[in-house]
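Scroll down for the structure; my scribbles are underneath it.
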Amino acid sequence: MDAFPDWSALSQLTGEIEIVTWTEEENAQRDIEMIAIPQDQIVLPTKDINIRSVENIDSFTLHVMQEGQGVIKTAVSFGSGLTWYARSSGMWVEMDVNNIKTEGMTPGVLNAITSSEWAALRGASSTVRFAYYLAVEEVTDLATVNDLVSQMDMQGTWKML
């Protein structure tokens with residue numbers, strides 16, 4: 001009977017780990033399966049979304065897959081990421097994006113923001129960006145952002161020919 005090594009020491013290692021095995025068998029194939037829980041993640045955009053030609057923001061709708069203890073939070077910036085905001089108790093609250101876990105908006109809160117509420121925060125800004133916080137506690141949990149859909153009224157003029 002083959003003896004199984006104690007792999008518990010691997011949990012103490014950091015960085016990239018290479019597992020090397022040796023066998024006298026020819027054409028031996030070794031398979032390893034690992035199930036892990038990723039660390040909590042804050043996803044920050046590197047650039048703004050240009051909304052220069054947008055007259056009015058009707059809505060943003062965040063489509064997510066969230067199951068178990070999965071957590072998704074979001075924050076919005078109309079200031080190129082220098083200031084971040086979340087909607088809380090019916091008002092816009094400036095927040096530190098590093099505190100998005102506790103101060104960020106759930107997808108339901110973001111999706112319920114009205115056109116007038118977006119206008120109040122936007123002011124005259126011609127850009128917007130969103131930050132996301134994703135976390136799971138168990139391997140069966142799910143916290144995935146599928147897409148962010150916007151409904152906007154564009155500015156412009158028309159000329160009939």
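Going through the structure tokens in order, the chains are called A, B, and so on, while each chain numbers its residues from 1 and the ligands are numbered from 1 in the order shown.
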Please list as a list in words every residue within 8 Å of Lys73 of chain A, counting only C-alpha atoms and excluding residues in the same chain fewer than 4 positions away.
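Close residues of Lys73 of chain A: Ile100, Lys101, Gly104, Met105, Thr106, Pro107, Tyr132, Tyr133 and Leu134 of chain A.
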Can I get the selection written as a PDB file, in the first residue's frame, with N, CA and C atoms?
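selection.pdb was written with the following content:
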ATOM      1  N   ILE A 100     -15.163  49.341   0.702  1.00  0.00           N
ATOM      2  CA  ILE A 100     -16.307  48.958  -0.114  1.00  0.00           C
ATOM      3  C   ILE A 100     -17.038  47.743   0.466  1.00  0.00           C
ATOM      4  N   LYS A 101     -16.329  46.887   1.169  1.00  0.00           N
ATOM      5  CA  LYS A 101     -16.954  45.701   1.777  1.00  0.00           C
ATOM      6  C   LYS A 101     -18.079  46.105   2.730  1.00  0.00           C
ATOM      7  N   GLY A 104     -20.084  49.744   0.587  1.00  0.00           N
ATOM      8  CA  GLY A 104     -20.550  49.671  -0.795  1.00  0.00           C
ATOM      9  C   GLY A 104     -22.023  49.311  -0.907  1.00  0.00           C
ATOM     10  N   MET A 105     -22.551  49.456  -2.121  1.00  0.00           N
ATOM     11  CA  MET A 105     -23.964  49.158  -2.404  1.00  0.00           C
ATOM     12  C   MET A 105     -24.123  47.713  -2.871  1.00  0.00           C
ATOM     13  N   THR A 106     -25.209  47.092  -2.476  1.00  0.00           N
ATOM     14  CA  THR A 106     -25.558  45.797  -3.024  1.00  0.00           C
ATOM     15  C   THR A 106     -26.072  45.999  -4.452  1.00  0.00           C
ATOM     16  N   PRO A 107     -26.100  44.956  -5.274  1.00  0.00           N
ATOM     17  CA  PRO A 107     -26.668  45.106  -6.615  1.00  0.00           C
ATOM     18  C   PRO A 107     -28.108  45.627  -6.587  1.00  0.00           C
ATOM     19  N   TYR A 132     -15.953  47.206  -7.741  1.00  0.00           N
ATOM     20  CA  TYR A 132     -16.690  46.045  -7.256  1.00  0.00           C
ATOM     21  C   TYR A 132     -15.912  45.344  -6.151  1.00  0.00           C
ATOM     22  N   TYR A 133     -16.657  44.778  -5.215  1.00  0.00           N
ATOM     23  CA  TYR A 133     -16.101  43.927  -4.165  1.00  0.00           C
ATOM     24  C   TYR A 133     -16.753  42.561  -4.305  1.00  0.00           C
ATOM     25  N   LEU A 134     -15.944  41.505  -4.361  1.00  0.00           N
ATOM     26  CA  LEU A 134     -16.445  40.142  -4.517  1.00  0.00           C
ATOM     27  C   LEU A 134     -15.842  39.263  -3.421  1.00  0.00           C
TER      28      LEU A 134
END
Would you list, as a PyMOL selection string, the residues of chain A that end up in strand (DSSP E or B) under DSSP run on this structure's backbone?
chain A and resi 41-43+49-50+54-67+71-77+84-88+91-95+105+127-135+142-154
I'd like the neighbourhood of Ser115 of chain A as a ChimeraX atom specification, where a residue qualifies if any of its atoms comes within 7 Å (using only C-alpha atoms), though same-chain residues fewer than 5 positions away should be ignored.
/A:57-59
If you measure from atom CA of Val149 of chain A to atom CA of Ile42 of chain A, what distance in Å do you get, rounded to one decimal?
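Straight-line distance from atom CA of Val149 of chain A to atom CA of Ile42 of chain A works out to 20.1 Å.
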For Phe60 of chain A, the nearest of the candidates A:Ala131, A:Ile113, A:Ala28, A:Ile17, counting only C-alpha atoms:
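Closest to Phe60 of chain A, using only C-alpha atoms: A:Ile113.
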As a PyMOL selection string, please: every residue in segment 83-128 of chain A that DSSP puts in helix (DSSP H, G or I).
chain A and resi 97-103+107-111+115-122
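With only C-alpha atoms as the basis for measurement, A:Glu103 is the residue among A:Gly156, A:Asn50, A:Glu103, A:Pro45 that approaches Thr74 of chain A most closely.
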